[in-house]
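S.K.: My questions all concern the structure below.
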Amino acid sequence: TPHAQTATLSNRSLVDLDRAHLIHPVTSFRGHEAHGARVLASGDGMWLTDIDGKRVIDAFAGLWCVNVGYGQESIVAAATEQMRKLPYATGYFHFGSEPTILLAEKLTALTPPGLDHVYFTLGGSDAVDSAIRYITHYFNAIGKPAKKQFVALDWGYHGSSSTGAGLTALPAFHRGFDLPRPWQHHIASPYPYRHPQGDDDAAVIASTVAALEAKVAELGAENVAAFCCEPIQGSGGVIVPPRGWLKALRECCDRLGILMLVDEVITGFGRTGPMFACDDEGVSPDFMTVAKGLTAGYAPMGAVFMADHVYQAIADSAPPELAVGHGFTYSGHPVSAAVALEVIRLYENGLLENGVRTGRAFAAHLDRIRAHPLVGDTRGRGMLGAIELVSNKATRAGFDPALDIGGRLGKLTWDNGVIVRCFANAVIGFAPALCCSEDEMAVIFERVETSLDQLLDMPDIRSAVV
Ligand code: PLP
């Protein structure tokens, strides 16, 4: 049988088959043919084992998603039970299923006030895409069809859908894809380390507010639908705005008469401490997207939350027999919903608290590692953080891209037995699972520090550092 064949494959042939057939996310086709993949075999808590038996500590929770750690048996049991009882129930034709309904109730109670309605997706990209579609539908429904322009932030990431990838502001997602679209605009990111008045929180906040006001004035408020942002920019390099920034932007959107879409795909579910980053500042957006931590990567699922005032306007806009034509076969998948309910139970039964506790140790390690000759900046909130490497601490100059700092660090950290995210712009991202202990956090930093020392020992790096 094909299954028996797979089981007898040598590890080498697995890597070769991957090279021949798999297109990996955001990966150079030729680069992947040359390198091949590191094939992972199993996981337990903070630890992963690859097919050669190498054990590494995962300081990035997969792709900032496995927030409960690997091997949580109660999630496996919840999924198995649901799959046995009812693996699928469509949400079309007025059908429903128990876990999906209970999850909707649970989540709308947990999310900021006003976000009373939820549409389930398969991940974050289609959650953002769904939000864009609903926002478009909303402005048509209320008789303001000109309001179609969207404003987002430089360094933002909002997924890979053909609409969301244009709100994303990372060049790799635009190159060759004819993006951004003419209705997608970007303003400067609140990036304190790279901001002329970065030490002055109020100035950083004021500059984003002024940039949004200027962009909306340029486009005409009557043409602008929404401002879209992450509370902390993840894939742009874990850019942490000052506290009060999100609230100031909420007030600014209200003043300008535009909607606010907050993308909590990374920051949701305790990643920054509270259940949602919006909670920190008492912000209720008009739309909020989540994914990743919702099911902690054990099954695919995302969600878009819609404020009641938007929902009611859409509901009132058309005769009841007309459908709002947005829907996926797997929206509200019962197995994913059962997984999410159990994952949330784990968050509420100690994991969020543990994340806050270990988050304090994480912050202390970040502070300490600032003294390293390669480290220009460290930043973070809760269990989300980054180290930014520079060639000159005084001028904050980065590195020549030809030195491939990201690629070298990716290899060094793997060889030293730790997974972190090494961004091309010499930023090292951390997002350990919330189950991480203080001892495990110490192991992570020991291995990262060793990797930084080895990087600095490379002659061309040493000579590039001032
Ligand atoms: N939005 C944000 C803020 C993200 O970080 C991501 C993924 O990293 C997405 C959207 C897209 O989510 P997905 O990869 O599940 O489609």
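In the structure tokens, chains take letters A, B, ... by order of appearance, with residues numbered from 1 within each chain and ligands from 1 in the order shown.
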Considering only C-alpha atoms, return as a PyMOL selection string whatever protein or nucleic-acid residues lie within 12 Å of Ala34 (chain A), sequence-local ones (same chain, fewer than 2 positions apart) excluded.

M.R.: chain A and resi 15-16+18-20+27-32+36-37

S.K.: Pick out the residues sitting within 10 Å of Gly220 (chain A), and hand them over as a ChimeraX atom specification; count only C-alpha atoms, and ignore anything fewer than 4 positions along from it in its own chain.

M.R.: /A:147,149,214-216,224,256

S.K.: Could those residues be written to a file, using C-alpha atoms, as a PDB file, in the first residue's frame?

M.R.:
```
ATOM      1  CA  LYS A 147     -15.731  54.371   0.998  1.00  0.00           C
ATOM      2  CA  GLN A 149      -9.837  52.836   0.374  1.00  0.00           C
ATOM      3  CA  ALA A 214      -2.783  63.211   6.500  1.00  0.00           C
ATOM      4  CA  LYS A 215      -3.433  60.061   4.433  1.00  0.00           C
ATOM      5  CA  VAL A 216      -7.192  60.268   5.023  1.00  0.00           C
ATOM      6  CA  VAL A 224     -11.777  55.756   3.143  1.00  0.00           C
ATOM      7  CA  LEU A 256     -12.133  60.499  10.928  1.00  0.00           C
TER       8      LEU A 256
END
```

S.K.: Go through chain A and flag each residue having an atom no more than 7 Å from ligand 1; for those, report the closest pair of atoms plus their distance in Å to one decimal, using only C-alpha atoms and all ligand atoms, ordered by chain and rising number, as a tab-separated table.

M.R.:
```
residue	atom	partner	partner_atom_place_in_ligand_line	distance
A:Gly123	CA	ligand 1	15 (O)	3.8
A:Gly124	CA	ligand 1	12 (O)	3.1
A:Ser125	CA	ligand 1	16 (O)	3.5
A:Asp126	CA	ligand 1	16 (O)	6.2
A:Val128	CA	ligand 1	10 (C)	6.5
A:Tyr157	CA	ligand 1	3 (C)	5.3
A:His158	CA	ligand 1	1 (N)	3.8
A:Gly159	CA	ligand 1	11 (C)	3.6
A:Ser160	CA	ligand 1	16 (O)	6.4
A:Glu230	CA	ligand 1	3 (C)	5.8
A:Gly234	CA	ligand 1	5 (O)	5.8
A:Ser235	CA	ligand 1	5 (O)	6.0
A:Asp263	CA	ligand 1	3 (C)	5.3
A:Glu264	CA	ligand 1	3 (C)	6.0
A:Val265	CA	ligand 1	3 (C)	4.7
A:Ile266	CA	ligand 1	5 (O)	5.1
A:Ala291	CA	ligand 1	15 (O)	5.9
A:Lys292	CA	ligand 1	15 (O)	6.2
A:Gly302	CA	ligand 1	15 (O)	7.0
```

S.K.: With DSSP run on the backbone, what are the strand (DSSP E) residues within region 173-386 of chain A? I'd like them as an mmCIF file with N, CA and C atoms, in the first residue's frame.

M.R.:
```
data_model
loop_
_atom_site.group_PDB
_atom_site.id
_atom_site.type_symbol
_atom_site.label_atom_id
_atom_site.label_comp_id
_atom_site.auth_asym_id
_atom_site.auth_seq_id
_atom_site.Cartn_x
_atom_site.Cartn_y
_atom_site.Cartn_z
ATOM 1 N N GLN A 184 -5.146 50.340 -1.753
ATOM 2 C CA GLN A 184 -4.436 49.931 -0.541
ATOM 3 C C GLN A 184 -3.259 50.877 -0.295
ATOM 4 N N HIS A 185 -3.237 51.485 0.879
ATOM 5 C CA HIS A 185 -2.259 52.532 1.182
ATOM 6 C C HIS A 185 -1.532 52.200 2.484
ATOM 7 N N HIS A 186 -0.327 52.747 2.604
ATOM 8 C CA HIS A 186 0.458 52.474 3.818
ATOM 9 C C HIS A 186 1.026 53.765 4.401
ATOM 10 N N ILE A 187 1.071 53.800 5.721
ATOM 11 C CA ILE A 187 1.692 54.939 6.423
ATOM 12 C C ILE A 187 2.833 54.395 7.293
ATOM 13 N N VAL A 224 -12.580 56.703 2.357
ATOM 14 C CA VAL A 224 -11.777 55.756 3.143
ATOM 15 C C VAL A 224 -12.683 54.837 3.960
ATOM 16 N N ALA A 225 -12.442 53.538 3.825
ATOM 17 C CA ALA A 225 -13.233 52.538 4.545
ATOM 18 C C ALA A 225 -12.665 52.281 5.931
ATOM 19 N N ALA A 226 -11.366 51.967 6.000
ATOM 20 C CA ALA A 226 -10.848 51.462 7.275
ATOM 21 C C ALA A 226 -9.344 51.637 7.400
ATOM 22 N N PHE A 227 -8.927 51.654 8.660
ATOM 23 C CA PHE A 227 -7.510 51.561 9.026
ATOM 24 C C PHE A 227 -7.298 50.171 9.612
ATOM 25 N N CYS A 228 -6.225 49.547 9.203
ATOM 26 C CA CYS A 228 -5.976 48.160 9.585
ATOM 27 C C CYS A 228 -4.591 48.054 10.201
ATOM 28 N N CYS A 229 -4.476 47.433 11.379
ATOM 29 C CA CYS A 229 -3.152 47.315 12.010
ATOM 30 C C CYS A 229 -3.065 46.101 12.912
ATOM 31 N N LEU A 259 -13.606 52.890 9.791
ATOM 32 C CA LEU A 259 -13.627 51.704 10.649
ATOM 33 C C LEU A 259 -12.205 51.320 11.046
ATOM 34 N N MET A 260 -12.106 50.574 12.168
ATOM 35 C CA MET A 260 -10.806 50.069 12.602
ATOM 36 C C MET A 260 -10.826 48.543 12.593
ATOM 37 N N LEU A 261 -9.868 47.981 11.857
ATOM 38 C CA LEU A 261 -9.688 46.522 11.819
ATOM 39 C C LEU A 261 -8.396 46.199 12.554
ATOM 40 N N VAL A 262 -8.504 45.518 13.686
ATOM 41 C CA VAL A 262 -7.301 45.133 14.432
ATOM 42 C C VAL A 262 -7.010 43.650 14.172
ATOM 43 N N ASP A 263 -5.817 43.386 13.697
ATOM 44 C CA ASP A 263 -5.410 42.031 13.327
ATOM 45 C C ASP A 263 -4.630 41.415 14.485
ATOM 46 N N PHE A 287 -13.726 45.618 13.652
ATOM 47 C CA PHE A 287 -13.450 44.251 13.206
ATOM 48 C C PHE A 287 -12.177 43.786 13.889
ATOM 49 N N MET A 288 -12.140 42.504 14.224
ATOM 50 C CA MET A 288 -10.912 41.943 14.793
ATOM 51 C C MET A 288 -10.701 40.557 14.180
ATOM 52 N N THR A 289 -9.486 40.281 13.763
ATOM 53 C CA THR A 289 -9.183 38.966 13.206
ATOM 54 C C THR A 289 -8.277 38.194 14.159
ATOM 55 N N VAL A 290 -8.502 36.883 14.238
ATOM 56 C CA VAL A 290 -7.650 35.995 15.041
ATOM 57 C C VAL A 290 -7.416 34.702 14.257
ATOM 58 N N GLY A 302 -9.425 30.157 11.909
ATOM 59 C CA GLY A 302 -9.302 31.575 12.209
ATOM 60 C C GLY A 302 -10.701 32.132 12.409
ATOM 61 N N ALA A 303 -10.779 33.408 12.721
ATOM 62 C CA ALA A 303 -12.099 34.014 12.909
ATOM 63 C C ALA A 303 -12.016 35.508 12.661
ATOM 64 N N VAL A 304 -13.134 36.052 12.165
ATOM 65 C CA VAL A 304 -13.246 37.503 12.102
ATOM 66 C C VAL A 304 -14.451 37.906 12.951
ATOM 67 N N PHE A 305 -14.207 38.847 13.860
ATOM 68 C CA PHE A 305 -15.272 39.353 14.732
ATOM 69 C C PHE A 305 -15.786 40.661 14.155
ATOM 70 N N MET A 306 -17.103 40.813 14.193
ATOM 71 C CA MET A 306 -17.759 41.991 13.616
ATOM 72 C C MET A 306 -18.527 42.713 14.724
ATOM 73 N N VAL A 375 24.107 43.417 19.669
ATOM 74 C CA VAL A 375 22.693 43.733 19.907
ATOM 75 C C VAL A 375 22.467 45.245 19.994
ATOM 76 N N GLY A 376 21.614 45.765 19.107
ATOM 77 C CA GLY A 376 21.271 47.183 19.133
ATOM 78 C C GLY A 376 20.027 47.435 19.953
ATOM 79 N N ASP A 377 19.031 46.590 19.779
ATOM 80 C CA ASP A 377 17.752 46.815 20.455
ATOM 81 C C ASP A 377 17.158 45.483 20.881
ATOM 82 N N THR A 378 16.437 45.503 22.005
ATOM 83 C CA THR A 378 15.570 44.373 22.344
ATOM 84 C C THR A 378 14.214 44.963 22.683
ATOM 85 N N ARG A 379 13.181 44.199 22.431
ATOM 86 C CA ARG A 379 11.832 44.710 22.673
ATOM 87 C C ARG A 379 10.890 43.531 22.842
ATOM 88 N N GLY A 380 9.774 43.768 23.496
ATOM 89 C CA GLY A 380 8.827 42.678 23.644
ATOM 90 C C GLY A 380 7.668 43.058 24.529
ATOM 91 N N ARG A 381 6.677 42.201 24.546
ATOM 92 C CA ARG A 381 5.570 42.300 25.489
ATOM 93 C C ARG A 381 5.066 40.886 25.719
ATOM 94 N N LEU A 384 6.141 37.630 23.522
ATOM 95 C CA LEU A 384 6.457 38.011 22.143
ATOM 96 C C LEU A 384 7.605 39.011 22.215
ATOM 97 N N GLY A 385 8.680 38.750 21.486
ATOM 98 C CA GLY A 385 9.791 39.684 21.602
ATOM 99 C C GLY A 385 10.804 39.524 20.493
ATOM 100 N N ALA A 386 11.803 40.398 20.490
ATOM 101 C CA ALA A 386 12.826 40.368 19.448
ATOM 102 C C ALA A 386 14.120 41.000 19.911
#
```

S.K.: Among region 189-327 of chain A, which ones does DSSP place in alpha helix (DSSP H), written as an NGL selection string?

M.R.: :A and (201-219 or 245-256 or 277-280 or 308-317)

S.K.: For a test of reading the model, state the distance in Å between CA of Leu346 (chain A) and CA of Val66 (chain A), rounded to one decimal.

M.R.: 12.4 Å

S.K.: Which residues are near His333 (chain A)? Cut-off 8 Å, only C-alpha atoms, ignore same chain within fewer than 6 positions. Put them as a VMD selection string.

M.R.: chain A and resid 88 to 90 100 301

S.K.: Can you pull out every residue within 7 Å of region 423-426 of chain A, counting only C-alpha atoms, but drop anything in the same chain fewer than 4 positions away, and send it as a ChimeraX atom specification?

M.R.: /A:237,388-389,405-406

S.K.: Find the residue from A:Gly69, A:Gly62, A:Gly355, A:Gly91 that sits nearest to Phe328 (chain A); use only C-alpha atoms when measuring.

M.R.: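 Selected residue with least distance to Phe328 (chain A): A:Gly91.
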
S.K.: What is the CA of Val466 (chain A)-CA of Ser189 (chain A) distance in Å, reported with one decimal?

M.R.: 27.5 Å

S.K.: Find the residue from A:Asp439, A:Glu81, A:Asp154, A:Glu321 that sits nearest to Gly236 (chain A); use only C-alpha atoms when measuring.

M.R.: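 Closest residue, counting only C-alpha atoms: A:Asp154.
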
S.K.: Residues near region 73-79 of chain A, anyone? I mean within 10 Å using only C-alpha atoms, not counting same-chain ones fewer than 2 positions away, as an MDAnalysis selection string.

M.R.: chainID A and resid 68 70:71 81:85 87 295:296 298:299 334:343 345:346

S.K.: Could you give me, as a ChimeraX atom specification, the residues within 12 Å of Ala315 (chain A), counting only C-alpha atoms and dropping anything in the same chain fewer than 4 positions from it?

M.R.: /A:117,134,137-138,141-142,308-311,319-324

S.K.: Point out the residue among A:Val356, A:Ala361, A:Cys422, A:Leu110 with the least atom-to-atom distance to Phe60 (chain A), counting only C-alpha atoms.

M.R.: A:Cys422

S.K.: Kindly indicate which residue among A:Ala394, A:Leu212, A:Ala146, A:Leu102 lies nearest to Cys252 (chain A), using only C-alpha atoms for the distances.

M.R.: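 Of A:Ala394, A:Leu212, A:Ala146, A:Leu102, the one nearest Cys252 (chain A), counting only C-alpha atoms, is A:Leu212.
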
S.K.: So which residues touch Lys54 (chain A) within 12 Å, counting only C-alpha atoms, skipping near sequence neighbours fewer than 6 positions away, as a list in words?

M.R.: Arg38, Val39, Leu40, Ala41, Ser42, Gly43, Trp47, Leu48, Trp414, Asp415, Asn416, Gly417 and Val418 of chain A

S.K.: Keeping N, CA and C atoms for every residue in the selection just given, could you write it to a file as a short mmCIF file (atom, residue, chain, number, x, y, z; two decimals), in the first residue's frame?

M.R.:
```cif
data_model
loop_
_atom_site.label_atom_id
_atom_site.label_comp_id
_atom_site.auth_asym_id
_atom_site.auth_seq_id
_atom_site.Cartn_x
_atom_site.Cartn_y
_atom_site.Cartn_z
N ARG A 38 14.17 20.62 6.71
CA ARG A 38 14.45 19.89 7.96
C ARG A 38 13.12 19.25 8.35
N VAL A 39 13.04 17.95 8.22
CA VAL A 39 11.75 17.29 8.41
C VAL A 39 11.54 16.97 9.89
N LEU A 40 10.46 17.48 10.44
CA LEU A 40 10.18 17.30 11.87
C LEU A 40 9.34 16.04 12.06
N ALA A 41 9.60 15.35 13.16
CA ALA A 41 8.93 14.07 13.38
C ALA A 41 7.96 14.09 14.55
N SER A 42 8.35 14.75 15.64
CA SER A 42 7.47 14.72 16.81
C SER A 42 7.76 15.90 17.74
N GLY A 43 6.82 16.14 18.66
CA GLY A 43 6.98 17.25 19.58
C GLY A 43 6.44 16.90 20.95
N TRP A 47 9.61 21.06 23.09
CA TRP A 47 10.68 20.40 22.34
C TRP A 47 10.21 19.73 21.07
N LEU A 48 11.04 19.80 20.03
CA LEU A 48 10.77 19.13 18.75
C LEU A 48 11.90 18.15 18.46
N TRP A 414 19.93 26.64 14.82
CA TRP A 414 19.49 25.25 14.64
C TRP A 414 20.58 24.29 15.13
N ASP A 415 21.81 24.56 14.71
CA ASP A 415 22.92 23.69 15.14
C ASP A 415 23.06 23.68 16.66
N ASN A 416 22.74 24.82 17.28
CA ASN A 416 22.84 24.90 18.75
C ASN A 416 21.57 24.40 19.44
N GLY A 417 20.59 23.94 18.66
CA GLY A 417 19.43 23.29 19.26
C GLY A 417 18.33 24.23 19.73
N VAL A 418 18.17 25.37 19.04
CA VAL A 418 17.05 26.26 19.40
C VAL A 418 16.43 26.80 18.11
#
```
